[in-house]
file start_17.cif (mmCIF, C-alpha atoms)
data_protein
#
loop_
_atom_site.label_atom_id
_atom_site.label_comp_id
_atom_site.auth_asym_id
_atom_site.auth_seq_id
_atom_site.Cartn_x
_atom_site.Cartn_y
_atom_site.Cartn_z
CA MET A 189 64.63 56.37 100.11
CA HIS A 190 68.11 56.42 98.62
CA SER A 191 71.40 55.38 100.09
CA ILE A 192 74.53 57.37 99.28
CA ARG A 193 75.60 54.59 96.93
CA SER A 194 72.33 54.45 95.01
CA ALA A 195 72.13 58.25 94.78
CA LEU A 196 75.62 58.37 93.30
CA LEU A 197 74.85 55.61 90.80
CA GLN A 198 71.70 57.41 89.67
CA ALA A 199 73.61 60.67 89.29
CA GLN A 200 76.33 58.96 87.25
CA VAL A 201 73.79 57.59 84.78
CA GLN A 202 72.21 61.03 84.41
CA LEU A 203 75.54 62.74 83.79
CA ILE A 204 76.64 60.15 81.25
CA ASN A 205 73.42 60.62 79.28
CA SER A 206 73.06 64.40 79.52
CA PRO A 207 76.43 66.18 79.06
CA ARG A 208 77.79 62.92 77.61
CA LEU A 209 80.62 62.59 80.08
CA GLU A 210 82.84 59.55 80.08
CA ALA A 211 81.86 57.07 82.79
CA ILE A 212 84.98 57.78 84.84
CA ASP A 213 84.30 61.55 84.71
CA ALA A 214 80.62 61.10 85.61
CA ARG A 215 81.58 58.99 88.62
CA PHE A 216 84.20 61.52 89.72
CA GLU A 217 81.92 64.54 89.30
CA SER A 218 78.97 62.89 91.03
CA ARG A 219 81.16 62.21 94.01
CA LEU A 220 82.52 65.77 93.99
CA LEU A 221 79.02 67.23 94.03
CA LEU A 222 77.91 65.07 96.96
CA GLN A 223 81.13 65.70 98.88
CA HIS A 224 80.55 69.42 98.38
CA LEU A 225 76.97 69.18 99.62
CA LEU A 226 77.82 67.04 102.66
CA ASN A 227 81.15 68.76 103.34
CA ALA A 228 82.73 65.31 103.41
CA ASN A 229 85.71 63.65 101.77
CA ARG A 230 85.82 60.59 99.55
CA ALA A 231 86.81 58.25 102.38
CA TRP A 232 83.74 59.29 104.37
CA LEU A 233 81.44 58.62 101.41
CA ILE A 234 82.89 55.15 100.94
CA ALA A 235 82.59 54.33 104.63
CA HIS A 236 78.96 55.53 104.70
CA GLU A 237 77.80 54.40 101.25
CA ASN A 238 74.89 52.43 102.72
CA ASP A 239 73.63 55.34 104.83
CA THR A 240 70.27 56.78 103.79
CA LEU A 241 70.31 60.33 102.50
CA PRO A 242 67.70 62.60 104.13
CA THR A 243 65.01 63.72 101.72
CA ASP A 244 66.07 67.38 101.80
CA VAL A 245 69.71 66.49 101.12
CA LEU A 246 68.73 64.23 98.25
CA ALA A 247 66.64 67.04 96.74
CA LYS A 248 69.59 69.44 96.92
CA PHE A 249 71.88 66.82 95.39
CA ASP A 250 69.41 66.32 92.54
CA GLN A 251 69.46 70.06 91.91
CA LEU A 252 73.26 70.10 91.67
CA VAL A 253 73.27 67.09 89.35
CA ASN A 254 70.62 68.71 87.15
CA ARG A 255 72.71 71.86 86.84
CA ARG A 256 75.69 69.79 85.74
CA ALA A 257 73.52 67.74 83.40
CA ASP A 258 72.44 71.01 81.78
CA GLY A 259 76.10 71.70 81.06
CA GLU A 260 76.94 74.22 83.78
CA PRO A 261 80.66 73.92 84.59
CA ILE A 262 81.32 72.01 87.78
CA ALA A 263 83.74 74.73 88.89
CA TYR A 264 80.86 77.22 88.97
CA ILE A 265 78.57 74.77 90.76
CA LEU A 266 81.18 74.03 93.43
CA GLY A 267 82.34 77.64 93.45
CA SER A 268 86.00 76.68 93.27
CA ARG A 269 88.73 75.11 91.17
CA GLU A 270 92.18 73.84 92.12
CA PHE A 271 95.11 75.36 90.26
CA TYR A 272 98.79 74.76 90.98
CA GLY A 273 97.91 73.38 94.39
CA LEU A 274 95.75 76.39 95.27
CA THR A 275 92.01 76.25 95.84
CA LEU A 276 90.55 79.24 94.03
CA THR A 277 87.06 80.67 94.10
CA ALA A 278 85.61 80.65 90.57
CA THR A 279 82.48 82.47 89.46
CA PRO A 280 80.78 83.17 86.11
CA ALA A 281 82.66 86.49 86.14
CA THR A 282 85.93 84.65 85.56
CA LEU A 283 87.47 82.15 83.21
CA ILE A 284 87.81 78.71 84.80
CA PRO A 285 91.50 77.94 85.49
CA ARG A 286 92.67 74.96 83.44
CA PRO A 287 95.52 72.48 83.93
CA ASP A 288 97.21 73.50 80.66
CA THR A 289 97.70 77.02 82.03
CA GLU A 290 99.93 75.56 84.74
CA ILE A 291 102.52 75.24 81.95
CA LEU A 292 102.69 79.04 81.80
CA VAL A 293 103.38 79.14 85.54
CA ASP A 294 106.10 76.48 85.18
CA VAL A 295 107.79 78.45 82.39
CA ALA A 296 107.62 81.69 84.39
CA LEU A 297 109.03 80.12 87.55
CA ASN A 298 111.93 78.74 85.52
CA LYS A 299 112.91 82.32 84.66
CA ILE A 300 112.30 83.76 88.13
CA ALA A 301 115.17 82.89 90.43
CA ALA A 302 114.24 82.11 94.02
CA ASN A 303 114.92 84.86 96.56
CA THR A 304 115.12 87.49 93.81
CA PRO A 305 112.95 90.62 94.27
CA LEU A 306 111.64 90.85 90.72
CA GLN A 307 108.58 92.73 89.48
CA ILE A 308 105.99 90.48 87.81
CA LEU A 309 102.89 91.50 85.84
CA ASP A 310 99.89 89.28 85.11
CA LEU A 311 97.61 90.71 82.43
CA GLY A 312 93.95 89.66 82.52
CA THR A 313 94.26 87.90 85.85
CA GLY A 314 90.68 86.56 86.16
CA THR A 315 90.59 84.43 89.32
CA GLY A 316 94.19 85.46 89.97
CA ALA A 317 95.34 81.89 89.27
CA ILE A 318 98.61 82.65 87.47
CA ALA A 319 99.54 85.65 89.61
CA LEU A 320 98.79 83.90 92.90
CA ALA A 321 100.67 80.74 91.91
CA ILE A 322 103.76 82.77 91.03
CA ALA A 323 103.46 84.95 94.13
CA GLN A 324 103.20 81.92 96.39
CA GLN A 325 106.11 80.08 94.77
CA ARG A 326 108.32 83.20 94.65
CA PRO A 327 107.54 85.17 97.83
CA HIS A 328 110.39 87.63 97.21
CA THR A 329 108.72 88.92 94.05
CA GLN A 330 106.14 91.68 93.85
CA VAL A 331 103.28 90.65 91.57
CA THR A 332 100.88 93.09 89.93
CA ALA A 333 97.66 91.53 88.65
CA VAL A 334 95.36 93.52 86.36
CA ASP A 335 91.97 92.92 84.82
CA ALA A 336 89.51 95.07 82.92
CA SER A 337 86.59 93.43 84.74
CA LYS A 338 85.82 94.81 88.19
CA ALA A 339 83.84 91.65 89.04
CA ALA A 340 86.75 89.40 88.08
CA LEU A 341 89.20 91.54 90.02
CA GLU A 342 87.05 91.21 93.15
CA VAL A 343 87.22 87.43 92.82
CA ALA A 344 91.01 87.58 92.51
CA ILE A 345 91.35 89.88 95.52
CA ASN A 346 89.16 87.54 97.57
CA ASN A 347 91.32 84.58 96.53
CA SER A 348 94.49 86.36 97.64
CA LYS A 349 92.93 87.05 101.04
CA GLN A 350 91.73 83.48 101.48
CA LEU A 351 95.17 82.15 100.58
CA HIS A 352 96.99 84.77 102.71
CA ILE A 353 99.25 85.74 99.81
CA ALA A 354 100.46 89.27 100.46
CA ASN A 355 103.17 89.95 97.84
CA ILE A 356 100.58 90.87 95.23
CA HIS A 357 98.43 93.87 94.44
CA PHE A 358 95.56 94.29 92.02
CA LEU A 359 94.71 97.00 89.54
CA LEU A 360 91.65 97.65 87.38
CA SER A 361 93.13 98.14 83.92
CA ASP A 362 92.42 97.34 80.29
CA TRP A 363 95.73 95.56 79.64
CA PHE A 364 98.52 98.16 80.10
CA ASN A 365 96.31 101.27 80.15
CA ASN A 366 96.53 102.14 83.87
CA LEU A 367 100.12 101.06 84.49
CA ASN A 368 101.66 104.42 83.54
CA ASP A 369 105.41 103.92 83.08
CA THR A 370 105.87 100.97 85.45
CA LEU A 371 108.45 98.41 84.30
CA PHE A 372 108.46 94.67 84.94
CA ASP A 373 110.98 91.85 84.81
CA VAL A 374 108.40 89.32 83.62
CA ILE A 375 105.00 89.84 81.99
CA VAL A 376 102.68 86.83 81.80
CA SER A 377 99.22 86.51 80.33
CA ASN A 378 96.56 84.01 79.36
CA PRO A 379 94.56 86.39 77.14
CA PRO A 380 91.48 85.60 75.06
CA TYR A 381 92.64 83.75 71.93
CA ILE A 382 89.61 82.01 70.41
CA GLU A 383 88.16 83.16 67.08
CA ASN A 384 84.87 85.04 67.45
CA THR A 385 83.11 82.57 65.15
CA ASP A 386 84.55 79.39 66.68
CA ALA A 387 81.73 76.88 67.17
CA HIS A 388 83.25 75.72 70.47
CA LEU A 389 82.08 78.97 72.09
CA ASN A 390 78.57 77.53 71.98
CA GLN A 391 79.54 74.15 73.39
CA GLY A 392 80.33 72.69 76.81
CA ASP A 393 81.75 74.84 79.60
CA LEU A 394 82.56 77.71 77.23
CA ARG A 395 78.84 78.56 76.96
CA PHE A 396 78.90 79.68 80.61
CA GLU A 397 82.24 81.49 80.73
CA PRO A 398 82.59 85.24 80.01
CA ALA A 399 82.97 85.76 76.26
CA SER A 400 85.36 88.66 76.87
CA ALA A 401 87.82 86.22 78.45
CA LEU A 402 87.61 83.75 75.57
CA ALA A 403 87.25 85.35 72.14
CA SER A 404 89.39 88.00 70.51
CA GLY A 405 88.64 88.99 66.94
CA ALA A 406 88.30 87.16 63.65
CA ASP A 407 91.52 85.18 64.11
CA GLY A 408 91.56 85.18 67.92
CA LEU A 409 94.71 87.30 68.05
CA ASP A 410 93.44 90.85 68.62
CA ASP A 411 94.39 90.97 72.31
CA ILE A 412 97.64 89.08 71.78
CA ARG A 413 98.66 91.66 69.16
CA ARG A 414 97.79 94.48 71.53
CA ILE A 415 99.90 92.96 74.32
CA ILE A 416 102.89 92.26 72.08
CA ASP A 417 102.73 95.69 70.40
CA ASN A 418 102.94 97.45 73.79
CA CYS A 419 105.09 95.07 75.82
CA LEU A 420 108.44 96.82 75.34
CA ILE A 421 107.05 99.96 76.98
CA HIS A 422 106.69 97.97 80.21
CA LEU A 423 109.45 95.34 79.99
CA LYS A 424 112.74 95.99 81.73
CA PRO A 425 115.91 95.33 79.74
CA GLN A 426 116.35 91.54 79.49
CA GLY A 427 112.76 91.11 80.71
CA TRP A 428 110.48 88.33 79.45
CA LEU A 429 107.04 88.32 77.85
CA MET A 430 105.19 84.99 78.23
CA LEU A 431 101.86 84.28 76.53
CA GLU A 432 99.46 81.36 76.48
CA HIS A 433 97.79 80.89 73.09
CA GLY A 434 95.83 78.47 70.93
CA TYR A 435 97.35 75.19 69.79
CA ASN A 436 97.65 76.49 66.20
CA GLN A 437 98.85 80.03 66.96
CA ALA A 438 102.45 79.46 68.06
CA ALA A 439 104.08 80.37 64.74
CA VAL A 440 102.06 83.58 64.39
CA VAL A 441 102.70 84.61 68.00
CA ALA A 442 106.43 83.94 67.61
CA ASP A 443 106.47 86.02 64.41
CA LEU A 444 104.64 88.90 66.11
CA MET A 445 107.18 88.81 68.94
CA ALA A 446 110.08 88.86 66.49
CA GLN A 447 108.57 91.79 64.56
CA THR A 448 108.31 93.72 67.83
CA GLY A 449 111.98 93.11 68.55
CA LEU A 450 111.85 90.33 71.12
CA VAL A 451 114.59 87.69 70.97
CA ASN A 452 115.25 84.21 72.38
CA ILE A 453 111.73 83.24 71.31
CA GLU A 454 110.67 79.75 72.36
CA THR A 455 107.44 77.75 72.46
CA PHE A 456 106.42 75.18 75.09
CA LYS A 457 103.90 72.35 74.81
CA ASP A 458 100.96 71.63 77.12
CA LEU A 459 99.89 68.35 78.72
CA GLY A 460 98.31 67.24 75.44
CA ASP A 461 101.54 67.88 73.50
CA ASN A 462 100.09 71.00 71.85
CA ASN A 463 102.01 74.24 71.43
CA ARG A 464 100.62 76.37 74.24
CA VAL A 465 103.05 79.00 75.60
CA THR A 466 105.45 81.23 73.68
CA ILE A 467 108.00 83.51 75.32
CA GLY A 468 110.30 86.27 74.12
CA LYS A 469 112.98 88.44 75.69
CA ASN A 470 113.60 92.19 75.57
CA PRO A 471 117.12 92.40 74.07
CA LEU A 472 117.95 95.77 75.63
CA ILE A 473 120.77 95.86 78.15
CA VAL A 474 120.99 98.36 80.98
CA SER A 475 123.54 100.95 80.02
CA THR A 476 126.42 101.62 82.41
CA HIS A 477 127.53 104.79 80.57
CA TRP A 478 126.18 108.31 80.80
CA ASP A 479 126.68 111.10 78.30
#

call {"tool": "encode", "arguments": {"input": "start_17.cif", "output": "structure tokens"}}
result
Amino acid sequence: MHSIRSALLQAQVQLINSPRLEAIDARFESRLLLQHLLNANRAWLIAHENDTLPTDVLAKFDQLVNRRADGEPIAYILGSREFYGLTLTATPATLIPRPDTEILVDVALNKIAANTPLQILDLGTGTGAIALAIAQQRPHTQVTAVDASKAALEVAINNSKQLHIANIHFLLSDWFNNLNDTLFDVIVSNPPYIENTDAHLNQGDLRFEPASALASGADGLDDIRRIIDNCLIHLKPQGWLMLEHGYNQAAVVADLMAQTGLVNIETFKDLGDNNRVTIGKNPLIVSTHWD
């Protein structure tokens, strides 16, 4: 028989030894898994730490811990991940939202004035994390979220329904392909940007995430080039393109933006002080004269 406390301690030891988590992470994740299974919060676990876990519950907890010990991302085990204060369903069909991507949302919100009915586009929406965060924070905008994966788009649509965010619509599209001649004030994207041969693709959480959402060519920039090359077709005059990218890709991305004709190019750092988001502006100005 195991108490809640002893079960958690045993799980922590297993997680430290298997996926080689730091002790603080193993303790945190063990607690998350048991809270998920019992539908309880941390305070309840502490108050009941000496309670005996029923045999069937302990067996289910062991199964969850084993999955995590095998390296399966905890977001997939729990079926959700928090992003920008939103609880989002996450499945193996989608990239797992990460804290560093919140920087992209911050940068976008800084350019989107409150109470302004702008048109926003999120390319490769996945769980809908970026699009939904912007839509919630700027309810006067209309957000279009596209993805080439039907399975990913279904996850995003489900998230919008669960969160009751209505100023957003979803479109199955390979980047800009199905957008026709629609124009946007802001285009945001966290596209694939890892090199195809990067060893990290076979390590940790990345082993379980969809490769199409992670890797993009020999230098990781194939999709970024495609987005930048076509952005002016869909950017309104004075509109912004905002891209997340690898820590070592900022200079190349900025150069690609400049070659395309974007101006006011600027790069922002993530929580680890790495270059993570680069933005550029369409220099065109709406003409007030007619021939």

call {"tool": "closest_atom_pairs", "arguments": {"input": "start_17.cif", "of": "region 212-308 of chain A", "to": "region 343-346 of chain A", "cutoff": "12 Å", "atoms": "only C-alpha atoms", "output": "Markdown table"}}
result
| residue | atom | partner | partner_atom | distance |
| --- | --- | --- | --- | --- |
| A:Gly267 | CA | A:Val343 | CA | 11.0 |
| A:Ser268 | CA | A:Val343 | CA | 10.8 |
| A:Thr275 | CA | A:Asn346 | CA | 11.8 |
| A:Leu276 | CA | A:Ala344 | CA | 8.5 |
| A:Thr277 | CA | A:Val343 | CA | 6.9 |
| A:Ala278 | CA | A:Val343 | CA | 7.3 |
| A:Thr279 | CA | A:Val343 | CA | 7.6 |
| A:Pro280 | CA | A:Val343 | CA | 10.2 |
| A:Ala281 | CA | A:Val343 | CA | 8.1 |
| A:Thr282 | CA | A:Val343 | CA | 7.9 |
| A:Leu283 | CA | A:Val343 | CA | 11.0 |
| A:Ile284 | CA | A:Val343 | CA | 11.9 |
| A:Pro285 | CA | A:Ala344 | CA | 11.9 |

call {"tool": "atom_distance", "arguments": {"input": "start_17.cif", "atom1": "CA of Ala301 (chain A)", "atom2": "CA of Ala333 (chain A)"}}
result
19.6 Å

call {"tool": "residues_around", "arguments": {"input": "start_17.cif", "residues": "Asp244 (chain A)", "least_positions_apart": "6", "cutoff": "12 Å", "atoms": "only C-alpha atoms", "output": "list in words"}}
result
Met189, His190, Leu225, Leu226, Asp250 and Gln251 of chain A

call {"tool": "resolve_selection", "arguments": {"input": "start_17.cif", "expression": "the PyMOL selection byres ((chain A and resi 193) around 10)", "output": "ChimeraX atom specification"}}
result
/A:190-192,194-199,219,233-234,236-241

call {"tool": "residues_near_point", "arguments": {"input": "start_17.cif", "point": "(79.2, 70.5, 92.7)", "cutoff": "8 Å", "atoms": "all atoms listed in the file", "output": "MDAnalysis selection string"}}
result
chainID A and resid 217:218 220:222 224:225 252:253 256 262:267

call {"tool": "closest_residue", "arguments": {"input": "start_17.cif", "among": "A:Leu409, A:Ala401, A:Leu367, A:Val440", "to": "Ile421 (chain A)", "atoms": "all atoms listed in the file"}}
result
A:Leu367

call {"tool": "atom_distance", "arguments": {"input": "start_17.cif", "atom1": "CA of Asn365 (chain A)", "atom2": "CA of His422 (chain A)"}}
result
10.9 Å

call {"tool": "atom_distance", "arguments": {"input": "start_17.cif", "atom1": "CA of Gly312 (chain A)", "atom2": "CA of Pro379 (chain A)"}}
result
6.3 Å

call {"tool": "closest_residue", "arguments": {"input": "start_17.cif", "among": "A:Ala296, A:Leu311, A:Asp362, A:Leu389", "to": "Ala323 (chain A)", "atoms": "only C-alpha atoms"}}
result
A:Ala296

call {"tool": "resolve_selection", "arguments": {"input": "start_17.cif", "expression": "the PyMOL selection byres ((chain A and resi 336) around 6)", "output": "VMD selection string"}}
result
chain A and resid 335 337 360 to 362

call {"tool": "closest_residue", "arguments": {"input": "start_17.cif", "among": "A:Ala399, A:Tyr381, A:Asp458, A:Leu306", "to": "Val441 (chain A)", "atoms": "only C-alpha atoms"}}
result
A:Tyr381

call {"tool": "axis_aligned_box", "arguments": {"input": "start_17.cif", "around": "region 300-317 of chain A", "padding_each_side": "5 Å", "output": "AutoDock Vina command-line options"}}
result
--center_x 102.9 --center_y 87.3 --center_z 89.5 --size_x 34.6 --size_y 20.8 --size_z 24.1
